[in-house]
$ cat target_30.cif   # mmCIF, C-alpha atoms
data_start
loop_
_atom_site.label_atom_id
_atom_site.label_comp_id
_atom_site.auth_asym_id
_atom_site.auth_seq_id
_atom_site.Cartn_x
_atom_site.Cartn_y
_atom_site.Cartn_z
CA MET F 75 5.52 19.76 -2.78
CA LEU F 76 6.21 16.46 -4.54
CA VAL F 77 5.95 13.16 -2.68
CA ILE F 78 7.00 9.95 -4.40
CA VAL F 79 5.57 6.85 -2.77
CA ARG F 80 7.17 3.50 -3.47
CA GLY F 81 4.27 1.04 -3.53
CA ALA F 82 0.54 1.49 -4.14
CA GLY F 83 -0.94 -1.53 -2.36
CA ASP F 84 -3.34 -1.71 0.56
CA LEU F 85 -1.41 0.22 3.22
CA ALA F 86 0.36 2.46 0.70
CA THR F 87 -3.04 3.54 -0.66
CA GLY F 88 -4.04 4.73 2.81
CA VAL F 89 -0.90 6.88 2.86
CA ILE F 90 -1.34 8.16 -0.69
CA HIS F 91 -5.02 9.00 -0.14
CA ARG F 92 -4.28 10.92 3.09
CA LEU F 93 -1.44 12.93 1.54
CA TYR F 94 -3.42 13.68 -1.62
CA ARG F 95 -6.36 14.95 0.43
CA SER F 96 -3.90 17.10 2.41
CA GLY F 97 -2.71 18.89 -0.72
CA PHE F 98 0.51 17.10 -1.68
CA LYS F 99 1.46 16.29 -5.26
CA ILE F 100 1.88 12.51 -5.49
CA LEU F 101 3.61 10.05 -7.78
CA ALA F 102 3.28 6.36 -6.89
CA LEU F 103 5.73 3.73 -8.12
CA GLU F 104 4.81 0.07 -8.53
CA ILE F 105 6.15 -3.21 -9.86
CA GLU F 106 5.02 -4.66 -13.19
CA LYS F 107 2.66 -7.23 -11.60
CA PRO F 108 1.34 -6.03 -8.21
CA SER F 109 -0.04 -8.76 -5.97
CA ALA F 110 -2.47 -6.86 -3.73
CA ILE F 111 -5.56 -8.84 -2.79
CA ARG F 112 -7.72 -5.94 -1.48
CA ARG F 113 -8.07 -4.87 -5.10
CA SER F 114 -11.13 -2.65 -4.61
CA VAL F 115 -9.14 -0.25 -2.41
CA VAL F 116 -5.63 -0.22 -3.90
CA PHE F 117 -4.25 2.26 -6.40
CA SER F 118 -1.93 -0.47 -7.71
CA GLU F 119 -4.94 -1.98 -9.49
CA CYS F 120 -4.65 0.69 -12.19
CA ILE F 121 -1.54 -1.14 -13.42
CA TYR F 122 -4.00 -3.75 -14.74
CA ASN F 123 -7.09 -1.60 -15.37
CA LEU F 124 -5.36 1.66 -16.41
CA GLU F 125 -7.27 3.64 -13.79
CA GLN F 126 -8.65 3.12 -10.29
CA VAL F 127 -10.87 5.21 -8.03
CA VAL F 128 -10.59 4.76 -4.26
CA GLU F 129 -13.00 6.75 -2.09
CA GLY F 130 -13.42 9.46 -4.72
CA VAL F 131 -9.73 9.81 -5.64
CA LYS F 132 -8.64 8.70 -9.11
CA ALA F 133 -5.29 7.20 -10.03
CA LYS F 134 -4.07 6.40 -13.54
CA LYS F 135 -1.30 4.26 -14.94
CA VAL F 136 1.34 6.40 -16.67
CA ASN F 137 4.20 5.55 -18.98
CA ASP F 138 6.32 8.69 -19.15
CA LEU F 139 6.88 12.19 -17.77
CA ARG F 140 4.32 13.75 -20.12
CA GLU F 141 1.58 11.47 -18.81
CA ILE F 142 2.67 12.15 -15.22
CA GLU F 143 2.29 15.89 -15.81
CA GLU F 144 -1.12 15.37 -17.44
CA CYS F 145 -2.34 13.51 -14.35
CA TRP F 146 -1.18 16.31 -12.06
CA LYS F 147 -2.97 18.90 -14.21
CA LYS F 148 -6.19 16.89 -13.81
CA ASN F 149 -5.69 16.46 -10.05
CA GLU F 150 -5.21 12.72 -10.52
CA ILE F 151 -2.56 10.45 -9.05
CA PRO F 152 -0.09 8.99 -11.56
CA VAL F 153 1.09 5.43 -10.93
CA ALA F 154 4.18 4.32 -12.87
CA VAL F 155 5.85 0.94 -13.21
CA ASP F 156 9.23 1.72 -11.67
CA PRO F 157 10.51 -0.85 -9.16
CA VAL F 158 14.01 0.67 -8.98
CA GLY F 159 12.95 4.28 -8.46
CA LYS F 160 14.30 5.91 -11.62
CA TYR F 161 11.71 8.70 -11.34
CA ILE F 162 13.13 9.62 -7.94
CA GLU F 163 16.43 10.49 -9.60
CA ILE F 164 14.70 12.30 -12.48
CA LEU F 165 12.14 14.34 -10.50
CA LYS F 166 14.13 14.89 -7.30
CA PRO F 167 11.12 14.96 -4.95
CA GLN F 168 11.16 16.73 -1.59
CA ILE F 169 9.76 13.60 0.09
CA VAL F 170 10.11 9.85 -0.54
CA ILE F 171 7.92 7.30 1.25
CA ASP F 172 8.70 3.59 1.13
CA ALA F 173 5.33 1.87 1.56
CA ILE F 174 6.17 -1.37 -0.24
CA ILE F 175 5.70 -3.33 3.03
CA ALA F 176 8.19 -5.95 1.85
CA LYS F 177 9.72 -6.41 5.33
CA LYS F 178 13.07 -5.54 3.76
CA ASN F 179 14.63 -2.56 2.03
CA TYR F 180 14.64 -2.46 -1.78
CA GLY F 181 17.08 0.41 -1.99
CA THR F 182 15.34 3.32 -0.28
CA ASN F 183 17.90 5.65 1.36
CA MET F 184 18.24 9.13 2.81
CA ASP F 185 20.02 10.44 -0.30
CA MET F 186 16.78 10.13 -2.29
CA ALA F 187 15.11 13.22 -0.79
CA PRO F 188 15.38 15.75 2.06
CA ILE F 189 12.67 13.79 3.91
CA THR F 190 12.51 9.99 3.75
CA ILE F 191 10.03 7.79 5.62
CA ALA F 192 9.59 4.01 5.56
CA LEU F 193 6.77 1.81 6.78
CA GLY F 194 7.43 -1.34 8.77
CA PRO F 195 10.44 -3.60 9.39
CA GLY F 196 13.51 -3.70 7.19
CA PHE F 197 14.68 -0.13 7.86
CA VAL F 198 16.63 1.64 10.60
CA ALA F 199 15.68 5.26 11.28
CA GLY F 200 18.69 7.55 11.13
CA ARG F 201 20.59 5.14 8.90
CA ASP F 202 18.29 4.19 6.01
CA VAL F 203 15.59 6.85 6.33
CA ASN F 204 14.72 9.79 8.57
CA ILE F 205 11.66 8.14 10.11
CA VAL F 206 10.32 4.60 10.38
CA VAL F 207 6.60 4.08 11.03
CA GLU F 208 5.49 1.14 13.17
CA THR F 209 3.05 -1.11 11.24
CA MET F 210 2.41 -3.78 13.87
CA ARG F 211 -1.20 -3.73 15.07
CA GLY F 212 -1.55 -2.84 18.73
CA HIS F 213 -0.64 -0.03 21.07
CA ASN F 214 2.25 1.29 18.93
CA LEU F 215 0.60 1.15 15.50
CA GLY F 216 1.53 4.34 13.63
CA ARG F 217 4.22 5.40 16.11
CA LEU F 218 7.06 7.44 14.58
CA ILE F 219 10.50 5.95 15.21
CA TYR F 220 13.68 8.04 14.94
CA ASP F 221 16.47 5.82 16.30
CA ARG F 222 15.79 2.17 15.45
CA GLY F 223 13.67 -0.13 13.30
CA ALA F 224 10.06 -1.27 13.54
CA LEU F 225 9.09 -4.47 15.31
CA PRO F 226 9.98 -7.62 13.31
CA ASN F 227 7.30 -9.32 11.25
CA THR F 228 5.48 -12.06 13.18
CA GLY F 229 4.15 -13.77 10.06
CA GLU F 230 0.69 -13.90 11.63
CA PRO F 231 -2.22 -11.75 10.37
CA GLY F 232 -3.90 -9.30 12.72
CA ASP F 233 -6.80 -10.36 14.91
CA ILE F 234 -10.29 -9.73 13.51
CA ALA F 235 -13.18 -10.91 15.71
CA GLY F 236 -10.82 -13.32 17.47
CA ILE F 237 -9.57 -14.90 14.23
CA THR F 238 -6.01 -14.47 12.94
CA LYS F 239 -4.25 -16.90 10.60
CA GLU F 240 -7.43 -18.79 9.68
CA ARG F 241 -8.85 -15.77 7.82
CA VAL F 242 -5.97 -15.46 5.33
CA ILE F 243 -5.60 -18.04 2.58
CA TYR F 244 -2.28 -18.96 0.99
CA SER F 245 -1.44 -20.90 -2.14
CA GLU F 246 -0.31 -24.48 -1.68
CA LYS F 247 1.22 -24.85 -5.14
CA THR F 248 2.59 -23.01 -8.16
CA GLY F 249 0.14 -22.13 -10.90
CA PHE F 250 -2.23 -19.55 -12.36
CA PHE F 251 -5.17 -18.42 -10.23
CA LYS F 252 -8.73 -18.10 -11.49
CA ALA F 253 -11.39 -16.72 -9.14
CA VAL F 254 -14.91 -18.08 -8.72
CA LYS F 255 -15.94 -15.61 -6.03
CA LYS F 256 -15.54 -11.83 -6.02
CA ILE F 257 -14.75 -9.24 -3.36
CA GLY F 258 -17.78 -8.61 -1.15
CA ASP F 259 -19.25 -12.11 -1.56
CA TYR F 260 -20.43 -14.01 1.48
CA VAL F 261 -18.60 -17.35 1.56
CA LYS F 262 -18.87 -20.42 3.74
CA ARG F 263 -16.10 -22.63 5.05
CA LYS F 264 -14.95 -25.21 2.47
CA GLU F 265 -16.69 -23.32 -0.35
CA ILE F 266 -14.57 -22.97 -3.50
CA LEU F 267 -13.13 -19.47 -3.94
CA GLY F 268 -11.23 -20.22 -7.13
CA TYR F 269 -8.69 -22.50 -8.73
CA ILE F 270 -4.94 -22.68 -9.11
CA ASP F 271 -4.81 -24.34 -12.50
CA GLU F 272 -7.21 -27.24 -11.84
CA THR F 273 -6.76 -27.36 -8.05
CA PRO F 274 -9.62 -25.78 -6.03
CA VAL F 275 -8.93 -23.17 -3.32
CA PHE F 276 -11.36 -23.41 -0.39
CA ALA F 277 -12.62 -20.85 2.10
CA THR F 278 -11.20 -21.51 5.56
CA ILE F 279 -13.96 -19.75 7.54
CA ASP F 280 -17.42 -18.26 7.03
CA GLY F 281 -17.40 -14.55 6.25
CA LEU F 282 -17.12 -11.77 3.69
CA LEU F 283 -14.48 -12.09 1.00
CA ARG F 284 -12.51 -8.91 1.66
CA GLY F 285 -9.73 -9.60 -0.80
CA ILE F 286 -8.76 -12.00 -3.58
CA ILE F 287 -5.86 -11.92 -6.01
CA SER F 288 -6.26 -11.02 -9.69
CA ASP F 289 -7.29 -13.61 -12.25
CA ASN F 290 -4.42 -15.22 -14.16
CA TYR F 291 -1.87 -14.18 -11.54
CA GLU F 292 0.90 -16.75 -11.26
CA VAL F 293 1.22 -17.75 -7.62
CA LYS F 294 3.79 -19.81 -5.77
CA PRO F 295 3.50 -21.89 -2.58
CA LYS F 296 2.73 -19.85 0.57
CA PHE F 297 1.63 -16.87 -1.55
CA LYS F 298 -1.25 -14.84 -0.06
CA ILE F 299 -4.28 -15.13 -2.34
CA ALA F 300 -7.39 -14.26 -0.30
CA ASP F 301 -8.64 -12.65 2.92
CA ILE F 302 -11.98 -13.37 4.63
CA ASP F 303 -13.56 -11.03 7.20
CA PRO F 304 -15.61 -13.05 9.73
CA ARG F 305 -17.80 -10.01 10.57
CA LEU F 306 -20.85 -10.38 8.36
CA ASN F 307 -22.09 -6.85 9.09
CA GLN F 308 -18.97 -5.19 7.65
CA TYR F 309 -19.78 -5.34 3.93
CA ASP F 310 -18.81 -1.70 3.31
CA ASN F 311 -15.33 -2.41 4.71
CA CYS F 312 -14.62 -4.46 1.58
CA PHE F 313 -14.68 -1.25 -0.45
CA THR F 314 -13.12 1.34 1.87
CA ILE F 315 -9.61 2.04 3.15
CA SER F 316 -8.89 0.05 6.31
CA ASP F 317 -8.41 1.45 9.80
CA LYS F 318 -4.77 0.33 9.73
CA ALA F 319 -4.08 2.02 6.39
CA ARG F 320 -5.72 5.25 7.60
CA SER F 321 -3.68 5.16 10.80
CA LEU F 322 -0.46 4.80 8.83
CA GLY F 323 -1.51 7.60 6.48
CA GLY F 324 -1.99 9.90 9.46
CA ALA F 325 1.36 8.87 10.90
CA VAL F 326 3.18 9.64 7.64
CA LEU F 327 1.47 13.04 7.43
CA GLU F 328 2.58 13.79 11.00
CA GLY F 329 6.11 12.69 10.16
CA ILE F 330 6.29 14.96 7.11
CA LEU F 331 4.96 18.00 8.94
CA SER F 332 7.23 17.46 11.94
CA GLU F 333 10.28 17.17 9.65
CA LEU F 334 9.27 20.31 7.74
CA HIS F 335 8.89 22.18 11.03
CA ARG F 336 12.25 20.94 12.32
CA LYS F 337 14.09 21.71 9.09
CA GLY F 338 12.41 25.13 8.92
CA GLU F 339 13.62 26.03 12.41
CA GLU F 340 17.14 24.79 11.67
CA ASP F 341 17.34 26.90 8.50
CA GLY F 342 15.92 29.99 10.18
CA PHE F 343 12.68 30.28 8.22
CA LYS F 344 9.28 28.64 8.04
CA TYR F 345 8.56 26.14 5.30
CA PHE F 346 4.82 26.75 5.27
CA GLY F 347 3.93 29.12 2.45
CA GLU F 348 7.47 28.93 1.11
CA SER F 349 8.99 26.88 -1.67
CA PHE F 350 10.93 23.91 -0.31
#

$ encode --input "target_30.cif" --output "structure tokens"
Amino acid sequence: MLVIVRGAGDLATGVIHRLYRSGFKILALEIEKPSAIRRSVVFSECIYNLEQVVEGVKAKKVNDLREIEECWKKNEIPVAVDPVGKYIEILKPQIVIDAIIAKKNYGTNMDMAPITIALGPGFVAGRDVNIVVETMRGHNLGRLIYDRGALPNTGEPGDIAGITKERVIYSEKTGFFKAVKKIGDYVKRKEILGYIDETPVFATIDGLLRGIISDNYEVKPKFKIADIDPRLNQYDNCFTISDKARSLGGAVLEGILSELHRKGEEDGFKYFGESF
């Protein structure tokens, strides 16, 4: 059963990894220059490095249908540059997941597949997609929504060890970024993490550098470029899928299975063990 996932960043990777491990055939679609900062745990990184392994699962950048098929034969995840979703029209998947996390809809709709699911705000369940998944941290994280949209974006990062906005660093100018520190490094407040052209970018708190944007990426003002985890005993977290991403992966899996069950009952037969 083919699932096409729009996006292969931090949260999308949690979804892709969960579905892959559950036996689904996956194709991920990305933009030409992904901007994920948790680069050690995102499949979108293979757009730059040609391949990426996250917790034992390998993804590869592909350029055409032949390369997509080759990946599937090798039990790998193909990732294609396709921001408009042309492969959705070509391959006609049974399931489409919008995991771009753009806080708005870049064209995902219920005509794309029998089952459509979107993560976060920007979508209305029953109008744009079959199911919306709540992405806001808290009591309702991962809740499946069938009749409205997700909670609006607050613009404030989630709380880690009592710290929210201070742990995420944004660009103050336009320019090309060059890192000095790498993911997993311990950094201290006011230490230089990198440069935007000749302008230094400083750490805002003490902690572990959990994410930092790719070298030579052109950033603009208010663009997210780094993430510091204040918990010094959480080094392994820099290189594993986050709790939030895993929660959303489980929610999407639940949404798919519940839709398959519902559609199977409506059509008078079971989908499990049958061709869609």

$ closest_residue --input "target_30.cif" --among "F:Asn204, F:Ser109, F:Ser288, F:Gln126" --to "F:Ile191" --atoms "all atoms listed in the file"
F:Asn204

$ residues_around --input "target_30.cif" --residues "F:Met184" --least-positions-apart "5" --cutoff "12 Å" --atoms "only C-alpha atoms" --output "MDAnalysis selection string"
chainID F and resid 162 168:172 189:192 197:206

$ resolve_selection --input "target_30.cif" --expression "the PyMOL selection byres ((chain F and resi 223) around 9)" --output "list in words"
Gly194, Pro195, Gly196, Phe197, Val198, Ala199, Val206, Val207, Glu208, Ile219, Tyr220, Asp221, Arg222, Ala224, Leu225 and Pro226 of chain F

$ closest_residue --input "target_30.cif" --among "F:Arg217, F:Asp138, F:Lys247, F:Leu267" --to "F:Ala325" --atoms "all atoms listed in the file"
F:Arg217

$ resolve_selection --input "target_30.cif" --expression "the PyMOL selection byres ((chain F and resi 265) around 10)" --output "PyMOL selection string"
chain F and resi 255+261-264+266-268+274-280

$ resolve_selection --input "target_30.cif" --expression "the PyMOL selection byres ((chain F and resi 295-306) around 9)" --output "JSON, numbers by chain"
{"F": [109, 110, 111, 112, 234, 235, 237, 240, 241, 242, 243, 244, 245, 246, 247, 248, 249, 251, 260, 261, 267, 277, 278, 279, 280, 281, 282, 283, 284, 285, 286, 287, 288, 293, 294, 307, 308, 309, 312]}

$ residues_around --input "target_30.cif" --residues "stretch 82-97 of chain F" --least-positions-apart "5" --cutoff "7 Å" --atoms "all atoms listed in the file" --output "mmCIF file with C-alpha atoms, in the coordinates of the input"
data_model
loop_
_atom_site.group_PDB
_atom_site.id
_atom_site.type_symbol
_atom_site.label_atom_id
_atom_site.label_comp_id
_atom_site.auth_asym_id
_atom_site.auth_seq_id
_atom_site.Cartn_x
_atom_site.Cartn_y
_atom_site.Cartn_z
ATOM 1 C CA ALA F 102 3.280 6.360 -6.890
ATOM 2 C CA LEU F 103 5.730 3.730 -8.120
ATOM 3 C CA GLU F 104 4.810 0.070 -8.530
ATOM 4 C CA ALA F 110 -2.470 -6.860 -3.730
ATOM 5 C CA ARG F 112 -7.720 -5.940 -1.480
ATOM 6 C CA VAL F 115 -9.140 -0.250 -2.410
ATOM 7 C CA VAL F 116 -5.630 -0.220 -3.900
ATOM 8 C CA PHE F 117 -4.250 2.260 -6.400
ATOM 9 C CA SER F 118 -1.930 -0.470 -7.710
ATOM 10 C CA ALA F 173 5.330 1.870 1.560
ATOM 11 C CA ILE F 315 -9.610 2.040 3.150
ATOM 12 C CA ALA F 319 -4.080 2.020 6.390
ATOM 13 C CA ARG F 320 -5.720 5.250 7.600
ATOM 14 C CA LEU F 322 -0.460 4.800 8.830
ATOM 15 C CA GLY F 323 -1.510 7.600 6.480
ATOM 16 C CA GLY F 324 -1.990 9.900 9.460
ATOM 17 C CA VAL F 326 3.180 9.640 7.640
ATOM 18 C CA LEU F 327 1.470 13.040 7.430
#

$ atom_distance --input "target_30.cif" --atom1 "atom CA of F:Val136" --atom2 "atom CA of F:Val79"
14.5 Å

$ atom_distance --input "target_30.cif" --atom1 "atom CA of F:Lys148" --atom2 "atom CA of F:Ile121"
18.6 Å

$ atom_distance --input "target_30.cif" --atom1 "atom CA of F:Met186" --atom2 "atom CA of F:Glu143"
20.6 Å

$ closest_residue --input "target_30.cif" --among "F:Asn290, F:Asn149, F:Thr182, F:Ser114" --to "F:Asp271" --atoms "only C-alpha atoms"
F:Asn290

$ closest_residue --input "target_30.cif" --among "F:Leu165, F:Asp289, F:Arg80, F:Lys318" --to "F:Tyr180" --atoms "all atoms listed in the file"
F:Arg80

$ closest_residue --input "target_30.cif" --among "F:Ile257, F:Pro188, F:Leu101, F:Gly229" --to "F:Thr314" --atoms "only C-alpha atoms"
F:Ile257

$ decode --input "target_30.cif" --residues "stretch 237-255 of chain F" --atoms "N, CA and C atoms" --output "short mmCIF file (atom, residue, chain, number, x, y, z; two decimals), in the first residue's frame"
data_model
loop_
_atom_site.label_atom_id
_atom_site.label_comp_id
_atom_site.auth_asym_id
_atom_site.auth_seq_id
_atom_site.Cartn_x
_atom_site.Cartn_y
_atom_site.Cartn_z
N ILE F 237 12.23 26.05 29.67
CA ILE F 237 12.71 27.05 28.72
C ILE F 237 11.96 26.89 27.41
N THR F 238 11.49 28.00 26.86
CA THR F 238 10.73 27.95 25.60
C THR F 238 11.47 28.73 24.50
N LYS F 239 11.11 29.99 24.32
CA LYS F 239 11.63 30.75 23.18
C LYS F 239 13.14 30.98 23.25
N GLU F 240 13.72 30.95 24.47
CA GLU F 240 15.15 31.22 24.58
C GLU F 240 16.01 30.13 23.96
N ARG F 241 15.45 28.91 23.81
CA ARG F 241 16.27 27.80 23.32
C ARG F 241 16.35 27.74 21.80
N VAL F 242 15.52 28.49 21.11
CA VAL F 242 15.53 28.49 19.64
C VAL F 242 16.12 29.80 19.14
N ILE F 243 17.03 29.69 18.19
CA ILE F 243 17.76 30.86 17.71
C ILE F 243 17.32 31.17 16.28
N TYR F 244 17.04 32.45 16.03
CA TYR F 244 16.57 32.90 14.73
C TYR F 244 17.57 33.89 14.12
N SER F 245 17.60 33.91 12.81
CA SER F 245 18.47 34.85 12.11
C SER F 245 17.98 36.28 12.30
N GLU F 246 18.92 37.20 12.39
CA GLU F 246 18.58 38.61 12.51
C GLU F 246 18.83 39.37 11.22
N LYS F 247 19.32 38.68 10.20
CA LYS F 247 19.63 39.36 8.94
C LYS F 247 19.59 38.36 7.79
N THR F 248 19.68 38.86 6.58
CA THR F 248 19.79 38.03 5.39
C THR F 248 21.26 37.73 5.10
N GLY F 249 21.53 36.49 4.72
CA GLY F 249 22.90 36.14 4.39
C GLY F 249 23.08 34.63 4.36
N PHE F 250 24.31 34.19 4.14
CA PHE F 250 24.63 32.77 4.07
C PHE F 250 25.24 32.31 5.39
N PHE F 251 24.71 31.20 5.90
CA PHE F 251 25.14 30.71 7.22
C PHE F 251 26.32 29.76 7.10
N LYS F 252 27.25 29.89 8.04
CA LYS F 252 28.39 28.98 8.15
C LYS F 252 28.54 28.59 9.61
N ALA F 253 28.44 27.28 9.89
CA ALA F 253 28.48 26.81 11.28
C ALA F 253 29.90 26.73 11.81
N VAL F 254 30.02 26.99 13.11
CA VAL F 254 31.27 26.74 13.85
C VAL F 254 31.10 25.50 14.72
N LYS F 255 29.90 25.35 15.28
CA LYS F 255 29.59 24.20 16.13
C LYS F 255 28.80 23.17 15.33
#
